[in-house]
>>> print(open('work-v2.cif').read())   # mmCIF, C-alpha atoms
data_model
loop_
_atom_site.label_atom_id
_atom_site.label_comp_id
_atom_site.auth_asym_id
_atom_site.auth_seq_id
_atom_site.Cartn_x
_atom_site.Cartn_y
_atom_site.Cartn_z
CA MET A 1 -0.08 -22.37 13.74
CA SER A 2 1.06 -25.98 13.44
CA ILE A 3 4.70 -24.89 13.90
CA ASN A 4 3.88 -23.15 17.17
CA LYS A 5 1.90 -26.17 18.31
CA ASN A 6 4.79 -28.52 17.53
CA SER A 7 7.19 -26.18 19.33
CA LEU A 8 5.00 -26.16 22.43
CA LEU A 9 4.73 -29.94 22.36
CA THR A 10 8.51 -30.25 22.03
CA ASN A 11 9.13 -27.89 24.94
CA HIS A 12 6.54 -29.69 27.04
CA LYS A 13 8.14 -33.05 26.27
CA SER A 14 11.61 -31.70 27.09
CA PHE A 15 10.40 -30.32 30.41
CA PHE A 16 8.58 -33.55 31.22
CA ASP A 17 11.68 -35.63 30.40
CA HIS A 18 13.81 -33.40 32.61
CA TYR A 19 11.26 -33.66 35.41
CA GLN A 20 11.31 -37.46 35.18
CA ASN A 21 15.12 -37.49 35.19
CA VAL A 22 15.23 -35.27 38.27
CA LYS A 23 12.62 -37.44 39.98
CA ASN A 24 14.59 -40.61 39.23
CA GLU A 25 17.86 -39.07 40.41
CA VAL A 26 16.33 -37.93 43.69
CA LYS A 27 14.76 -41.34 44.20
CA GLY A 28 18.06 -43.08 43.50
CA LEU A 29 19.90 -40.69 45.79
CA LEU A 30 17.57 -41.27 48.73
CA THR A 31 17.07 -45.01 48.27
CA PHE A 32 19.44 -47.57 49.73
CA HIS A 33 19.71 -50.95 47.99
CA PRO A 34 21.76 -53.44 50.07
CA LYS A 35 21.65 -56.11 47.37
CA GLU A 36 22.88 -53.64 44.79
CA TRP A 37 25.84 -52.73 46.99
CA ILE A 38 26.73 -56.37 47.55
CA SER A 39 26.42 -57.25 43.87
CA ALA A 40 28.53 -54.25 42.85
CA PHE A 41 31.50 -55.64 44.78
CA ARG A 42 31.11 -59.26 43.78
CA SER A 43 34.06 -60.93 42.09
CA ASN A 44 33.99 -60.92 38.30
CA SER A 45 36.92 -61.60 35.98
CA LYS A 46 35.51 -59.30 33.29
CA TYR A 47 35.22 -56.39 35.70
CA PRO A 48 38.17 -56.70 38.10
CA LEU A 49 38.15 -54.73 41.33
CA PHE A 50 41.89 -54.16 41.17
CA VAL A 51 44.30 -53.76 38.26
CA ARG A 52 47.97 -52.86 38.04
CA GLY A 53 47.33 -49.22 37.22
CA ASP A 54 45.50 -48.78 40.51
CA ILE A 55 48.83 -48.82 42.36
CA ASP A 56 50.03 -45.79 40.44
CA GLY A 57 46.68 -44.10 40.92
CA PHE A 58 46.84 -44.72 44.66
CA VAL A 59 50.36 -43.30 44.98
CA SER A 60 49.39 -40.19 43.00
CA LEU A 61 46.20 -39.68 44.99
CA PHE A 62 48.04 -40.24 48.26
CA MET A 63 50.76 -37.70 47.44
CA ASN A 64 48.20 -35.15 46.30
CA ASN A 65 46.03 -35.51 49.40
CA ILE A 66 48.89 -35.66 51.89
CA SER A 67 50.46 -32.47 50.52
CA THR A 68 47.12 -30.65 50.67
CA LEU A 69 46.44 -32.02 54.14
CA LEU A 70 49.84 -30.87 55.44
CA ALA A 71 49.21 -27.41 54.02
CA ILE A 72 45.82 -27.31 55.73
CA ILE A 73 47.35 -28.38 59.05
CA LEU A 74 50.00 -25.65 58.86
CA SER A 75 47.34 -23.08 58.01
CA LEU A 76 44.91 -24.10 60.75
CA GLN A 77 47.30 -24.75 63.64
CA PRO A 78 47.85 -21.05 64.50
CA ILE A 79 44.10 -20.44 64.35
CA LEU A 80 42.32 -23.48 65.78
CA GLY A 81 45.14 -25.06 67.77
CA ASP A 82 46.37 -28.64 67.91
CA LYS A 83 43.39 -30.05 69.80
CA ILE A 84 40.78 -29.21 67.18
CA VAL A 85 43.07 -29.91 64.23
CA TYR A 86 44.31 -33.33 65.37
CA SER A 87 41.31 -34.63 67.32
CA LYS A 88 38.48 -33.39 65.10
CA ILE A 89 39.53 -32.21 61.65
CA LEU A 90 42.03 -34.94 60.73
CA PRO A 91 39.88 -37.91 61.88
CA GLY A 92 36.87 -36.42 60.11
CA THR A 93 38.86 -35.86 56.94
CA GLY A 94 40.16 -39.43 57.03
CA LEU A 95 36.68 -40.91 57.41
CA ALA A 96 35.31 -38.66 54.67
CA MET A 97 38.02 -39.67 52.20
CA LEU A 98 37.58 -43.35 53.06
CA TRP A 99 33.83 -43.21 52.52
CA GLY A 100 34.10 -41.00 49.43
CA ASN A 101 36.52 -43.31 47.64
CA PHE A 102 34.49 -46.35 48.66
CA TYR A 103 31.33 -44.79 47.24
CA TYR A 104 33.08 -43.80 44.01
CA VAL A 105 34.25 -47.39 43.59
CA TYR A 106 30.66 -48.53 44.05
CA MET A 107 29.47 -46.08 41.38
CA ALA A 108 32.16 -47.23 38.94
CA ARG A 109 31.32 -50.90 39.51
CA LYS A 110 27.64 -50.20 39.05
CA LEU A 111 28.33 -48.46 35.74
CA ALA A 112 30.64 -51.26 34.60
CA PHE A 113 27.97 -53.91 35.16
CA LYS A 114 25.27 -51.74 33.61
CA GLU A 115 27.20 -50.99 30.40
CA LYS A 116 29.13 -54.29 30.38
CA ARG A 117 32.49 -52.52 30.19
CA GLY A 118 35.70 -53.54 31.92
CA ASN A 119 37.49 -50.21 31.47
CA VAL A 120 35.46 -48.14 33.92
CA CYS A 121 37.65 -46.35 36.46
CA ALA A 122 36.49 -44.78 39.71
CA MET A 123 37.09 -41.06 39.90
CA PRO A 124 39.56 -40.29 42.73
CA TYR A 125 38.08 -38.62 45.77
CA GLY A 126 40.12 -36.16 47.78
CA ILE A 127 40.40 -32.70 49.28
CA CYS A 128 39.49 -29.74 47.10
CA THR A 129 42.58 -27.55 47.48
CA PRO A 130 41.08 -24.20 46.36
CA GLY A 131 37.93 -24.87 48.38
CA ALA A 132 39.91 -25.76 51.50
CA PHE A 133 41.95 -22.56 51.44
CA ALA A 134 38.88 -20.52 50.62
CA PHE A 135 37.27 -21.88 53.79
CA ILE A 136 40.39 -21.17 55.85
CA TYR A 137 41.03 -17.61 54.69
CA VAL A 138 37.49 -16.44 53.92
CA ILE A 139 35.53 -18.08 56.76
CA ILE A 140 37.69 -19.50 59.56
CA SER A 141 40.44 -16.88 59.73
CA PRO A 142 38.17 -13.79 59.68
CA THR A 143 35.92 -15.37 62.31
CA TYR A 144 38.83 -16.12 64.62
CA TYR A 145 40.68 -12.82 64.27
CA GLY A 146 37.43 -10.86 64.49
CA CYS A 147 36.68 -12.56 67.80
CA ILE A 148 40.11 -12.60 69.46
CA SER A 149 40.10 -8.89 70.34
CA THR A 150 37.09 -9.25 72.64
CA HIS A 151 37.13 -12.90 73.79
CA ASP A 152 39.64 -15.46 75.02
CA LYS A 153 41.53 -17.71 72.62
CA ALA A 154 39.71 -20.96 73.44
CA TYR A 155 36.30 -19.38 72.85
CA CYS A 156 37.38 -17.91 69.51
CA GLN A 157 38.82 -21.24 68.37
CA GLU A 158 35.56 -23.01 69.20
CA LEU A 159 33.56 -20.27 67.47
CA ALA A 160 35.65 -20.47 64.29
CA TRP A 161 35.35 -24.25 64.36
CA TYR A 162 31.55 -24.19 64.69
CA VAL A 163 31.20 -21.53 62.01
CA ALA A 164 33.29 -23.70 59.69
CA LEU A 165 31.10 -26.72 60.46
CA ALA A 166 27.92 -24.76 59.77
CA SER A 167 29.35 -23.38 56.52
CA ASN A 168 30.44 -26.82 55.38
CA PHE A 169 27.03 -28.28 56.21
CA LEU A 170 25.23 -25.54 54.27
CA THR A 171 27.57 -26.10 51.33
CA GLY A 172 26.61 -29.77 51.35
CA VAL A 173 22.90 -28.92 51.47
CA VAL A 174 23.25 -26.57 48.50
CA LEU A 175 25.16 -29.21 46.54
CA LEU A 176 22.53 -31.84 47.27
CA LEU A 177 19.74 -29.51 46.20
CA LEU A 178 21.48 -28.52 42.98
CA CYS A 179 23.06 -31.83 41.98
CA VAL A 180 19.80 -33.08 40.45
CA PHE A 181 20.05 -30.28 37.90
CA GLY A 182 23.61 -31.20 36.95
CA GLU A 183 22.75 -33.17 33.85
CA PHE A 184 20.36 -30.48 32.63
CA ILE A 185 23.01 -27.78 33.11
CA ARG A 186 25.65 -29.90 31.40
CA LYS A 187 23.47 -30.47 28.35
CA ASN A 188 22.36 -26.86 27.99
CA THR A 189 25.57 -25.01 28.86
CA PRO A 190 28.58 -24.76 26.51
CA SER A 191 31.53 -26.77 27.78
CA ILE A 192 33.84 -23.77 27.57
CA ALA A 193 31.67 -21.86 30.03
CA LEU A 194 31.89 -24.70 32.56
CA LEU A 195 35.58 -25.42 32.12
CA SER A 196 37.01 -21.90 31.93
CA SER A 197 36.86 -21.20 35.67
CA ILE A 198 38.15 -24.65 36.60
CA SER A 199 41.00 -24.51 34.10
CA GLY A 200 41.92 -20.99 35.23
CA ILE A 201 42.19 -22.04 38.87
CA GLY A 202 43.97 -25.23 37.90
CA TYR A 203 46.54 -23.41 35.79
CA ALA A 204 47.18 -20.53 38.19
CA ILE A 205 47.27 -22.46 41.46
CA LEU A 206 47.77 -26.14 40.76
CA ALA A 207 49.95 -25.98 37.64
CA LEU A 208 51.93 -22.74 37.51
CA ASN A 209 52.50 -22.56 41.26
CA GLU A 210 53.99 -26.07 41.18
CA TYR A 211 55.96 -25.58 37.97
CA LEU A 212 57.90 -22.50 39.10
CA PRO A 213 60.01 -24.43 41.66
CA ILE A 214 60.81 -26.93 38.89
CA ALA A 215 62.06 -24.15 36.63
CA GLU A 216 64.00 -22.65 39.53
CA ALA A 217 66.09 -25.83 39.94
CA PRO A 218 66.09 -27.42 36.46
CA MET A 219 68.77 -30.05 37.14
CA VAL A 220 66.67 -31.50 39.92
CA GLY A 221 63.18 -30.62 38.76
CA PHE A 222 63.07 -31.42 35.07
CA ILE A 223 64.02 -35.09 35.27
CA PRO A 224 61.13 -35.99 37.65
CA PHE A 225 58.91 -33.71 35.56
CA THR A 226 59.89 -35.62 32.42
CA ILE A 227 59.28 -38.94 34.17
CA VAL A 228 55.77 -37.82 35.08
CA MET A 229 54.95 -36.48 31.61
CA LEU A 230 56.24 -39.60 29.85
CA GLY A 231 54.53 -41.91 32.30
CA TYR A 232 51.11 -40.27 32.36
CA PHE A 233 50.87 -38.86 28.85
CA GLY A 234 53.40 -40.85 26.83
CA GLY A 235 52.47 -44.33 27.95
CA VAL A 236 55.99 -45.09 29.19
CA THR A 237 56.16 -47.68 31.97
CA TYR A 238 58.86 -48.13 34.59
CA GLY A 239 58.49 -51.81 35.24
CA PRO A 240 56.29 -52.64 38.22
CA LEU A 241 56.95 -49.26 39.86
CA PRO A 242 54.30 -46.51 39.87
CA VAL A 243 55.15 -43.36 37.92
CA ALA A 244 54.67 -41.08 40.92
CA PHE A 245 56.97 -43.22 43.05
CA VAL A 246 59.73 -43.19 40.40
CA ALA A 247 59.48 -39.40 40.06
CA LEU A 248 59.57 -38.93 43.83
CA VAL A 249 62.65 -41.12 44.28
CA ALA A 250 64.44 -39.49 41.33
CA GLY A 251 63.77 -36.00 42.65
CA THR A 252 64.93 -36.90 46.16
CA VAL A 253 68.15 -38.52 44.94
CA LEU A 254 68.95 -35.62 42.60
CA GLY A 255 68.22 -33.10 45.33
CA TRP A 256 70.87 -34.57 47.59
CA ALA A 257 73.30 -35.51 44.79
CA THR A 258 73.43 -31.97 43.38
CA SER A 259 73.86 -30.37 46.82
CA LEU A 260 70.48 -28.69 46.52
CA ASN A 261 69.67 -30.40 49.81
CA GLN A 262 72.60 -30.28 52.21
CA SER A 263 71.73 -30.35 55.85
CA SER A 264 75.03 -28.81 56.99
CA ILE A 265 74.74 -25.81 54.66
CA VAL A 266 71.12 -25.25 55.57
CA HIS A 267 71.88 -25.51 59.29
CA GLU A 268 74.78 -23.07 59.01
CA ALA A 269 72.71 -20.54 57.06
CA VAL A 270 69.88 -20.75 59.59
CA HIS A 271 72.35 -20.30 62.45
CA LEU A 272 73.89 -17.19 60.86
CA LEU A 273 70.47 -15.72 60.20
CA PHE A 274 69.34 -16.42 63.76
CA ARG A 275 72.38 -14.59 65.18
CA GLN A 276 71.63 -11.64 62.91
CA PHE A 277 68.05 -11.48 64.19
CA ASP A 278 68.98 -12.05 67.85
CA ASN A 279 69.86 -9.24 70.25
CA GLY A 280 72.10 -11.54 72.27
CA ASN A 281 69.72 -13.38 74.61
CA GLY A 282 69.33 -16.50 72.45
CA ILE A 283 65.61 -16.08 71.82
CA LEU A 284 63.62 -14.01 69.33
CA SER A 285 60.56 -11.95 70.06
CA LEU A 286 58.03 -10.99 67.42
CA ALA A 287 59.31 -7.41 67.56
CA GLU A 288 62.89 -8.54 66.87
CA ILE A 289 61.82 -10.62 63.91
CA ASP A 290 59.60 -7.85 62.58
CA ARG A 291 62.41 -5.30 62.76
CA ALA A 292 64.98 -7.63 61.19
CA ILE A 293 62.74 -8.56 58.29
CA VAL A 294 61.64 -5.00 57.57
CA TYR A 295 65.14 -3.49 57.65
CA TRP A 296 67.44 -6.32 56.59
CA HIS A 297 65.48 -9.05 54.84
CA PRO A 298 62.40 -7.68 53.06
CA GLU A 299 62.73 -10.61 50.64
CA PHE A 300 61.10 -12.73 53.36
CA GLY A 301 57.94 -10.71 52.84
CA THR A 302 56.46 -7.80 54.76
CA ASN A 303 53.00 -9.27 55.25
CA ARG A 304 52.55 -8.82 58.98
CA GLN A 305 49.63 -11.24 59.24
CA ALA A 306 51.74 -13.96 57.62
CA MET A 307 54.56 -13.14 60.04
CA ILE A 308 52.30 -13.35 63.09
CA ARG A 309 50.79 -16.66 61.99
CA ALA A 310 54.21 -18.15 61.28
CA PHE A 311 55.47 -16.93 64.67
CA LYS A 312 52.55 -18.45 66.59
CA ALA A 313 52.74 -21.73 64.70
CA ALA A 314 56.51 -22.06 65.22
CA ASP A 315 56.31 -21.21 68.94
CA THR A 316 55.54 -24.79 69.94
CA ASN A 317 56.40 -24.17 73.60
CA GLY A 318 53.95 -21.28 73.87
CA THR A 319 56.53 -19.01 75.51
CA GLY A 320 55.99 -16.09 73.16
CA PHE A 321 59.56 -16.40 71.85
CA ILE A 322 61.27 -18.33 69.07
CA GLU A 323 64.25 -20.43 70.08
CA PHE A 324 66.92 -21.55 67.63
CA LYS A 325 65.42 -25.04 67.32
CA GLU A 326 62.14 -23.42 66.26
CA PHE A 327 63.66 -20.82 63.94
CA ARG A 328 63.97 -23.11 60.90
CA ARG A 329 60.31 -24.00 61.16
CA PHE A 330 59.44 -20.32 61.47
CA LEU A 331 61.26 -19.53 58.22
CA ASP A 332 59.50 -22.35 56.40
CA LEU A 333 56.12 -21.24 57.70
CA LEU A 334 56.81 -17.60 56.89
CA TYR A 335 57.56 -18.49 53.29
CA TYR A 336 54.48 -20.69 53.13
CA TYR A 337 52.10 -18.09 54.59
CA ASN A 338 53.46 -15.38 52.31
CA GLN A 339 52.83 -17.65 49.33
CA LEU A 340 49.26 -18.23 50.48
CA SER A 341 48.65 -14.53 50.98
CA ASP A 342 49.77 -13.90 47.40
CA LEU A 343 47.36 -16.54 46.11
CA PHE A 344 44.36 -15.48 48.18
#
>>> encode(input="work-v2.cif", output="structure tokens")
Amino acid sequence: MSINKNSLLTNHKSFFDHYQNVKNEVKGLLTFHPKEWISAFRSNSKYPLFVRGDIDGFVSLFMNNISTLLAIILSLQPILGDKIVYSKILPGTGLAMLWGNFYYVYMARKLAFKEKRGNVCAMPYGICTPGAFAFIYVIISPTYYGCISTHDKAYCQELAWYVALASNFLTGVVLLLLCVFGEFIRKNTPSIALLSSISGIGYAILALNEYLPIAEAPMVGFIPFTIVMLGYFGGVTYGPLPVAFVALVAGTVLGWATSLNQSSIVHEAVHLLFRQFDNGNGILSLAEIDRAIVYWHPEFGTNRQAMIRAFKAADTNGTGFIEFKEFRRFLDLLYYYNQLSDLF
């Protein structure tokens, strides 16, 4: 009897403690303390706002976000058009990343002062790559292509844009409602259960998908790869230069030095391919490209949706045809969209 009583008391205390933690987290989340913000950014030699390693962190974060952002732009341009992408999405993304990183710095400073530690680092804030492409290909794209058969293009672009906004807002609401239970879930859920899905996505999309091009061109890829591994995991420094910057420069130099990147060869190959696709009038229709890829170059991929999206994105003049100056961009986009279709 006493054992059951003690068990009930323990469970009651655990629930009460969790309730108090949730209450405090909600209160802290919804309360703004101007003095706390000011004090968090005050100068203190023990807790510096900026250290040398921040340069490397900034370069790495910048390269990661800019590559994801470029991929998002290429994916959204054929669907939403330049006006929405460049006048709404990009400015909003920039403001969100600025505020997010600023807030993370505040949280890190607050923790440093609270625990009297000078080695607290702000977690980098950026675009969630899997989440971004999930939104594009699960929400935005189906909305747009489901609408375009019965409505005009401008209306469908606006509809897809508003649906994306509503979905993003609801996602934020759900996250806010559930974030107060984060600590409880973390304490009561095995780490392997939480990390397995993240590690699987990270390995399949972020790691393996990026490593394959390195293995494809080892003379160019492995030296920057080694620089990154030694710099980030081996503690090797490259003077005042950030690790990511050194790897980027080394890869660029090796790419041109080993003839992997030769503008004349690339231009000649594109020109020969264009003439093979062309029926003699100097421009390519979607039907010409479709026929050429299906019969002569299936290695470019036979995903028709990827082909249509690449065609529309490359047709910058809006004429419904691809000129030679647009053909290189079409090939790049076709490869990119086929890669995305394989991933999602």
>>> closest_residue(input="work-v2.cif", among="A:Ile72, A:Ala122, A:Met63, A:Ala287", to="Thr93 (chain A)", atoms="all atoms listed in the file")
A:Ile72
>>> residues_around(input="work-v2.cif", residues="Phe50 (chain A)", least_positions_apart="5", cutoff="12 Å", atoms="all atoms listed in the file", output="ChimeraX atom specification")
/A:41,43-45,55-58,105,109,118-122
>>> write_last_selection(input="work-v2.cif", atoms="C-alpha atoms", output="compact mmCIF listing (two decimals), in the coordinates of the input")
# COMPACT_ATOMS: atom_id res chain seq x y z
CA PHE A 41 31.50 -55.64 44.78
CA SER A 43 34.06 -60.93 42.09
CA ASN A 44 33.99 -60.92 38.30
CA SER A 45 36.92 -61.60 35.98
CA ILE A 55 48.83 -48.82 42.36
CA ASP A 56 50.03 -45.79 40.44
CA GLY A 57 46.68 -44.10 40.92
CA PHE A 58 46.84 -44.72 44.66
CA VAL A 105 34.25 -47.39 43.59
CA ARG A 109 31.32 -50.90 39.51
CA GLY A 118 35.70 -53.54 31.92
CA ASN A 119 37.49 -50.21 31.47
CA VAL A 120 35.46 -48.14 33.92
CA CYS A 121 37.65 -46.35 36.46
CA ALA A 122 36.49 -44.78 39.71
>>> atom_distance(input="work-v2.cif", atom1="CA of Arg117 (chain A)", atom2="CA of Asn64 (chain A)")
28.4 Å
>>> atom_distance(input="work-v2.cif", atom1="CA of Ile38 (chain A)", atom2="CA of Leu61 (chain A)")
25.8 Å
>>> atom_distance(input="work-v2.cif", atom1="CA of Leu111 (chain A)", atom2="CA of Ser39 (chain A)")
12.1 Å
>>> resolve_selection(input="work-v2.cif", expression="the PyMOL selection byres ((chain A and resi 103) around 12)", output="ChimeraX atom specification")
/A:37,40-41,96-102,104-110,122-125
>>> closest_residue(input="work-v2.cif", among="A:His151, A:Phe135, A:Pro78, A:Ala306", to="Gly318 (chain A)", atoms="all atoms listed in the file")
A:Pro78
>>> residues_near_point(input="work-v2.cif", point="(56.5, -33.7, 38.0)", cutoff="10 Å", atoms="all atoms listed in the file", output="list in words")
Glu210, Tyr211, Ile214, Gly221, Phe222, Ile223, Pro224, Phe225, Thr226, Ile227, Val228, Met229, Val243, Ala244, Ala247, Leu248 and Gly251 of chain A
>>> closest_residue(input="work-v2.cif", among="A:Arg275, A:Leu176, A:Leu80, A:Cys128", to="Ile140 (chain A)", atoms="all atoms listed in the file")
A:Leu80
>>> residues_around(input="work-v2.cif", residues="Leu331 (chain A)", least_positions_apart="5", cutoff="12 Å", atoms="only C-alpha atoms", output="PyMOL selection string")
chain A and resi 266+269-271+273-274+289+293+297+299-301+306-311+313-315+322+324-326+336-338
>>> closest_residue(input="work-v2.cif", among="A:Gln305, A:Asn281, A:Thr129, A:Ser60", to="Gly202 (chain A)", atoms="all atoms listed in the file")
A:Thr129
>>> resolve_selection(input="work-v2.cif", expression="the PyMOL selection byres ((chain A and resi 291) around 12)", output="list in words")
Gln276, Phe277, Asp278, Asn279, Leu284, Ser285, Leu286, Ala287, Glu288, Ile289, Asp290, Ala292, Ile293, Val294, Tyr295, Trp296, His297, Pro298, Thr302, Arg304 and Met307 of chain A
>>> closest_residue(input="work-v2.cif", among="A:Leu178, A:Ile73, A:Val59, A:Ile66", to="Ser87 (chain A)", atoms="only C-alpha atoms")
A:Ile73
>>> resolve_selection(input="work-v2.cif", expression="the PyMOL selection byres ((chain A and resi 164-166) around 10)", output="CSV table (one decimal) with C-alpha atoms, keeping the file's coordinate frame")
chain,number,residue,atom,x,y,z
A,135,PHE,CA,37.3,-21.9,53.8
A,136,ILE,CA,40.4,-21.2,55.8
A,139,ILE,CA,35.5,-18.1,56.8
A,140,ILE,CA,37.7,-19.5,59.6
A,141,SER,CA,40.4,-16.9,59.7
A,143,THR,CA,35.9,-15.4,62.3
A,158,GLU,CA,35.6,-23.0,69.2
A,159,LEU,CA,33.6,-20.3,67.5
A,160,ALA,CA,35.6,-20.5,64.3
A,161,TRP,CA,35.4,-24.2,64.4
A,162,TYR,CA,31.6,-24.2,64.7
A,163,VAL,CA,31.2,-21.5,62.0
A,167,SER,CA,29.4,-23.4,56.5
A,168,ASN,CA,30.4,-26.8,55.4
A,169,PHE,CA,27.0,-28.3,56.2
A,170,LEU,CA,25.2,-25.5,54.3
A,171,THR,CA,27.6,-26.1,51.3
A,172,GLY,CA,26.6,-29.8,51.4
>>> closest_residue(input="work-v2.cif", among="A:Asn24, A:Tyr335, A:Leu76, A:Ala134", to="Phe181 (chain A)", atoms="only C-alpha atoms")
A:Asn24
